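I have placed the structure first, in the form of structure tokens, so that the comments after it can refer back to it.
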Amino acid sequence: MARMLRAEGVDTFFGIVDGTYTQLFAHCVELGMRMYSPRHEAIAAHMAGAYSRLTGKLGVCIASNGPGVANMLPGVAVENAEGNRVLLLTSCRRTGIAYPDRGGTYQCFDHVRVISGMSKWSQTVPSAERLAELLRQALRQCFTGRPGVVHLDIPENIINGPCTDEPVWPPDAYRRTAPIEPSPQLLDTAASWLAAARLPLVHAGSGVIHARAWAELVQLLELLQAPLTTSWSARGVVSEENVLVWPMIHIDACTEVRNLADLVLCIGSEVGETDWWGKPPYWAPRSRQRWIQIDIDDSRLGRNRPVDLAILGDARLALAGLIERLQPRVSQMNREERSATIHRLADRKRAERNQLDLALENRASPMVTAHVPAVCQRVFSPDAIAVFDGGNTAVWGHFFTTLRSPNSQLSTAHFGHLGAGVGQALGAAIAAPDRPVYCIIGDGAMGYSVQEVETAVRYGLRPIFLVCSDQQWGMVKINQMIALQPFREQLPNALGPDGSRTIETDFVETDWAQVAQAMGAYGERVSHPAELEPALRRAIDSGRCAVLHVDVDPTAHLFAPGLQAFKDMHQEPPGRYDD
């Protein structure tokens, strides 16, 4: 197994050491792979997912039978939903007492049955003779279609026992190693449509990031003079300082440009719920807007929004092919008219930005949460990797951050999973040691994974965690205030006679800076906006993992920007595709 992983280019893996797979991680380390061991298995999955997304390599994580696999399950669900290329290797009890459980077996449950419902592929190894074959199947799945989590479960007597010294097959002997070439004929058609369109729009998903195709995307946008919108998970695939980019935080501006476009090139995105399923009134109806969809996974083509041209292929090759075909047609495109339209529409983005930035005029203490991402924007270099974690905290982070480098933002856009950001920040620090990494995280989310500050200290990693402390479940609290208010007279025991209480939404005081210091990290606490930038610079200068406890105004924190639009996203848009 170790030799096969090395042949696939694996040089780093994540997991907690355990006797049930000693021989596996020992041989991996012996062959030069670096093992990083967090304090919780789910964090290993988040580290592997972030590592894969930022490097383009396969992320590998391991977990031991029973409780180790149970702890890994949240990470499996998140990393599969986020579409990160992760291979999970687990141990299970010895052959003869598991699959099926003999009854009363220690640390045993049906790993495959559970994980198969939340992963791309899950299988167990029935015998040592089939180990190499099934690992090849797993690796093939890792590089087929949309990325996700692939799982192989190996009995402890096999993973620690003797194995045959059979030769390792090179990857191209058992799987596709070249990216999928899109049909030249379909690219010809797509190019002719793009050239003739009045205002084409490009909508990019995370498939562009996995294909490492941001340079080609920029080139195509500038060639076409077309605006770009993205899915939440692809935010920052192109610098948001580019006038052609419509950041997803500008919801009304995105709706406007999507309705004006007569042609959409959708690449690497399945157009999901947070893309409004591609439906009116957030997008133009089919009668006014043709769609071209390019994806590496055949099952995603036309899955939600009906398309007029479906192209199976690698995003990078497809973009390069379109550029090659469009360059001779530059004179045929109304680029000046498109550019004028884009600059006119950009006024709405600027107006929305100016309206948002009024929150920064509030200099009270404790501070409005907007100051945290705004100061990070000012202090960190454009190539810094930003991680957002939490409910309202993540919203504030998104709305007050302009992403200036491709592939520089991590979050759980599909899952909204609290605590994952800590593992993502650690994985980012390992994947990109020369880039700053900072994580803006709520105090609720930090409570899930604060133990991993010790992991960062142990490995000399230097992410900066800015914990926005409002001492409450902010997003839940504002929802309760709205949802329960009409029923306050019917809930006297739950809400109290004046109806002002909420149910189990508040925390007691926790000093996150002191917690960090107890684990060997730099820690400091601030509450006034004027204190934040100097404290952040001291944290960076410490040369260590750092935790800044930032006291934020608990009332202002409740009213994060865009919350109504966020709620609207979770309703079915009223329009029909053909209306």
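Residue numbering restarts at 1 for every chain of the structure tokens, chains are lettered A, B, ... in their displayed order, and ligands are numbered from 1 as they appear.
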
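Taking only segment 193-405 of chain A, the residues that DSSP calls strand (DSSP E) from the backbone come to Pro200, Leu201, Val202, His203, Ala204, Leu228, Thr229, Thr230, Leu263, Val264, Leu265, Cys266, Ile267, Arg290, Trp291, Ile292, Gln293, Ile294, Asp295, Leu309, Ala310, Ile311, Leu312, Ile385, Ala386, Val387, Phe388 and Asp389 of chain A.
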
Write out the residues from the selection above, keeping N, CA and C atoms, as a short mmCIF file (atom, residue, chain, number, x, y, z; two decimals), in the first residue's frame.
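Writing done, so here's selection-v5.cif:
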data_model
loop_
_atom_site.label_atom_id
_atom_site.label_comp_id
_atom_site.auth_asym_id
_atom_site.auth_seq_id
_atom_site.Cartn_x
_atom_site.Cartn_y
_atom_site.Cartn_z
N PRO A 200 -22.21 37.60 -23.21
CA PRO A 200 -22.02 36.29 -22.58
C PRO A 200 -21.57 36.46 -21.13
N LEU A 201 -21.95 35.51 -20.31
CA LEU A 201 -21.55 35.49 -18.90
C LEU A 201 -20.92 34.13 -18.61
N VAL A 202 -19.85 34.13 -17.85
CA VAL A 202 -19.21 32.88 -17.43
C VAL A 202 -19.54 32.64 -15.96
N HIS A 203 -20.01 31.44 -15.65
CA HIS A 203 -20.27 31.04 -14.26
C HIS A 203 -19.34 29.88 -13.94
N ALA A 204 -18.44 30.10 -12.96
CA ALA A 204 -17.41 29.11 -12.65
C ALA A 204 -17.69 28.44 -11.32
N LEU A 228 -17.96 37.57 -14.90
CA LEU A 228 -17.83 36.27 -14.24
C LEU A 228 -18.59 36.28 -12.93
N THR A 229 -19.44 35.27 -12.74
CA THR A 229 -19.97 34.96 -11.41
C THR A 229 -19.45 33.57 -11.04
N THR A 230 -19.51 33.26 -9.75
CA THR A 230 -19.00 31.96 -9.30
C THR A 230 -19.97 31.33 -8.31
N LEU A 263 -26.27 34.60 -22.95
CA LEU A 263 -25.60 33.30 -23.06
C LEU A 263 -24.77 33.09 -21.79
N VAL A 264 -24.88 31.90 -21.21
CA VAL A 264 -24.09 31.55 -20.02
C VAL A 264 -23.18 30.39 -20.37
N LEU A 265 -21.90 30.55 -20.06
CA LEU A 265 -20.94 29.45 -20.12
C LEU A 265 -20.71 29.01 -18.68
N CYS A 266 -21.27 27.87 -18.33
CA CYS A 266 -21.16 27.33 -16.97
C CYS A 266 -20.08 26.26 -17.00
N ILE A 267 -19.04 26.43 -16.19
CA ILE A 267 -17.91 25.52 -16.25
C ILE A 267 -17.52 25.06 -14.85
N ARG A 290 -29.36 31.25 -23.50
CA ARG A 290 -28.84 29.91 -23.81
C ARG A 290 -27.76 29.53 -22.80
N TRP A 291 -27.62 28.22 -22.58
CA TRP A 291 -26.62 27.72 -21.63
C TRP A 291 -25.70 26.72 -22.29
N ILE A 292 -24.40 26.92 -22.05
CA ILE A 292 -23.38 25.93 -22.38
C ILE A 292 -22.82 25.44 -21.04
N GLN A 293 -22.79 24.14 -20.84
CA GLN A 293 -22.24 23.62 -19.60
C GLN A 293 -21.08 22.69 -19.90
N ILE A 294 -19.95 22.92 -19.22
CA ILE A 294 -18.76 22.08 -19.36
C ILE A 294 -18.45 21.47 -18.00
N ASP A 295 -18.29 20.16 -17.95
CA ASP A 295 -17.99 19.51 -16.68
C ASP A 295 -17.22 18.22 -16.94
N LEU A 309 -26.14 23.19 -24.72
CA LEU A 309 -24.94 22.52 -25.24
C LEU A 309 -24.19 21.96 -24.05
N ALA A 310 -24.06 20.63 -23.99
CA ALA A 310 -23.37 19.95 -22.90
C ALA A 310 -22.04 19.42 -23.42
N ILE A 311 -20.96 19.74 -22.70
CA ILE A 311 -19.62 19.34 -23.12
C ILE A 311 -18.93 18.63 -21.96
N LEU A 312 -18.56 17.39 -22.19
CA LEU A 312 -17.80 16.63 -21.20
C LEU A 312 -16.32 16.89 -21.42
N ILE A 385 -4.10 33.06 2.47
CA ILE A 385 -5.22 32.13 2.39
C ILE A 385 -6.17 32.45 3.53
N ALA A 386 -7.41 32.80 3.18
CA ALA A 386 -8.43 33.14 4.17
C ALA A 386 -9.34 31.94 4.39
N VAL A 387 -9.60 31.64 5.65
CA VAL A 387 -10.50 30.55 6.02
C VAL A 387 -11.64 31.16 6.83
N PHE A 388 -12.87 30.82 6.47
CA PHE A 388 -14.04 31.34 7.18
C PHE A 388 -14.79 30.17 7.82
N ASP A 389 -15.12 30.31 9.11
CA ASP A 389 -15.81 29.23 9.82
C ASP A 389 -16.77 29.83 10.83
#

Can you list, as a PyMOL selection string, every protein, DNA or RNA residue that comes within 12 Å of Val114 of chain A when you count only C-alpha atoms, leaving out same-chain residues fewer than 3 positions away? chain A and resi 66+69-70+72-74+76-77+109-111+117-119+121-123+151+153

Correct to one decimal, the distance atom CA of Gln355 of chain A-atom CA of Ile249 of chain A is 12.6 Å

note - atom CA of Glu41 of chain A and atom CA of Asn71 of chain A are separated by 5.6 Å

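Using only C-alpha atoms for every distance, the candidate list A:Gly523, A:Ala351, A:Asp541, A:Ala190 yields A:Ala190 as the residue closest to Ile323 of chain A.
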
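The smallest atom-to-atom distance between Val238 of chain A and any of A:Leu356, A:Ala261, A:Leu403, A:Val150, using only C-alpha atoms, is found for A:Leu403.
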
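Using only C-alpha atoms, the protein and nucleic acid residues lying no more than 9 Å from Glu8 of chain A, apart from those fewer than 6 places from it along its own chain, are Leu58, Leu139, Pro170 and Pro171 of chain A.
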
Go ahead and save the residues from that selection, with N, CA and C atoms, as a compact mmCIF listing (two decimals), in the first residue's frame.
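Final output, saved to part-v5.txt:
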# COMPACT_ATOMS: atom_id res chain seq x y z
N LEU A 58 -3.46 14.42 -4.35
CA LEU A 58 -4.40 13.59 -3.62
C LEU A 58 -4.20 13.80 -2.13
N LEU A 139 -8.02 4.13 -6.02
CA LEU A 139 -7.27 5.23 -6.64
C LEU A 139 -7.89 5.64 -7.97
N PRO A 170 2.42 1.14 -12.36
CA PRO A 170 2.40 2.60 -12.49
C PRO A 170 0.96 3.07 -12.67
N PRO A 171 0.63 4.28 -12.24
CA PRO A 171 -0.76 4.75 -12.31
C PRO A 171 -1.38 4.63 -13.70

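The closest residue to Met367 of chain A, picked from A:Asn259, A:Gln409, A:Gln107, A:Ser527 and counting only C-alpha atoms, is A:Ser527.
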
Note to self: If we count only C-alpha atoms and set the cut-off at 10 Å, which residues sit around Glu273 of chain A, ignoring sequence neighbours fewer than 5 positions away in its own chain? Please answer as a list in words.
What the structure shows: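 Close residues of Glu273 of chain A: Ser231, Gly278, Lys279, Asn304, His414, Met569, His570, Gln571, Glu572 and Pro573 of chain A.
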
Export of prior selection with N, CA, C and O atoms as an mmCIF file, in the first residue's frame:
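Final output, saved to out_28.cif:
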data_model
loop_
_atom_site.group_PDB
_atom_site.id
_atom_site.type_symbol
_atom_site.label_atom_id
_atom_site.label_comp_id
_atom_site.auth_asym_id
_atom_site.auth_seq_id
_atom_site.Cartn_x
_atom_site.Cartn_y
_atom_site.Cartn_z
ATOM 1 N N SER A 231 -19.818 30.030 -8.142
ATOM 2 C CA SER A 231 -20.464 29.364 -7.021
ATOM 3 C C SER A 231 -19.763 29.806 -5.739
ATOM 4 O O SER A 231 -18.668 30.371 -5.775
ATOM 5 N N GLY A 278 -30.127 27.829 -10.788
ATOM 6 C CA GLY A 278 -30.135 28.382 -12.145
ATOM 7 C C GLY A 278 -31.498 28.878 -12.594
ATOM 8 O O GLY A 278 -31.726 29.067 -13.794
ATOM 9 N N LYS A 279 -32.403 29.143 -11.642
ATOM 10 C CA LYS A 279 -33.788 29.463 -11.991
ATOM 11 C C LYS A 279 -34.071 30.960 -11.978
ATOM 12 O O LYS A 279 -33.437 31.712 -11.232
ATOM 13 N N ASN A 304 -29.423 20.247 -13.100
ATOM 14 C CA ASN A 304 -30.383 21.150 -12.474
ATOM 15 C C ASN A 304 -30.986 22.131 -13.471
ATOM 16 O O ASN A 304 -32.199 22.180 -13.632
ATOM 17 N N HIS A 414 -20.753 24.117 0.892
ATOM 18 C CA HIS A 414 -21.879 23.209 0.699
ATOM 19 C C HIS A 414 -22.447 22.688 2.008
ATOM 20 O O HIS A 414 -23.593 22.249 2.060
ATOM 21 N N MET A 569 -32.269 31.784 -0.336
ATOM 22 C CA MET A 569 -31.612 30.740 -1.115
ATOM 23 C C MET A 569 -32.143 29.346 -0.766
ATOM 24 O O MET A 569 -32.048 28.426 -1.570
ATOM 25 N N HIS A 570 -32.663 29.210 0.439
ATOM 26 C CA HIS A 570 -33.129 27.898 0.875
ATOM 27 C C HIS A 570 -34.619 27.696 0.610
ATOM 28 O O HIS A 570 -35.233 26.763 1.135
ATOM 29 N N GLN A 571 -35.184 28.572 -0.181
ATOM 30 C CA GLN A 571 -36.546 28.381 -0.685
ATOM 31 C C GLN A 571 -36.454 28.113 -2.182
ATOM 32 O O GLN A 571 -35.544 28.566 -2.855
ATOM 33 N N GLU A 572 -37.392 27.393 -2.712
ATOM 34 C CA GLU A 572 -37.401 27.160 -4.161
ATOM 35 C C GLU A 572 -37.753 28.468 -4.868
ATOM 36 O O GLU A 572 -38.797 29.064 -4.593
ATOM 37 N N PRO A 573 -36.886 28.964 -5.768
ATOM 38 C CA PRO A 573 -37.230 30.196 -6.495
ATOM 39 C C PRO A 573 -38.563 30.017 -7.233
ATOM 40 O O PRO A 573 -38.860 28.939 -7.755
#

DSSP helix (DSSP H, G or I) residues within segment 210-325 of chain A, as number ranges by chain: A: 210, 214-224, 232-234, 251-260, 273-278, 298-300, 315-325

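The gap separating atom CA of Asn407 of chain A from atom CA of Ser269 of chain A is 15.7 Å, in Å to one decimal.
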
_Non-local contacts of Leu5 of chain A (10 Å; only C-alpha atoms; under 4 positions in same chain excluded) as a VMD selection string_ = chain A and resid 1 9 to 12 28 31 33 58 60 135 to 136 139 168 171

Quiz prompt | Residue nearest Glu133 of chain A among A:Met4, A:Lys57, A:Pro433, A:Pro382 (counting only C-alpha atoms) | solution =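 Using only C-alpha atoms, Glu133 of chain A sits closest to A:Met4.
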
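The neighbours of Leu260 of chain A here are the residues that come within 12 Å of it, using only C-alpha atoms and leaving out any residue fewer than 5 positions away in the same chain; they are Ala197, Arg198, Leu199, Pro200, Leu201, Ala226, Pro227, Ala253, Cys254, Thr255, Pro280, Pro281, Tyr282, Trp283, Ala284, Pro285, Arg288, Gln289, Arg290, Arg338, Thr341, Ile342 and Leu345 of chain A.
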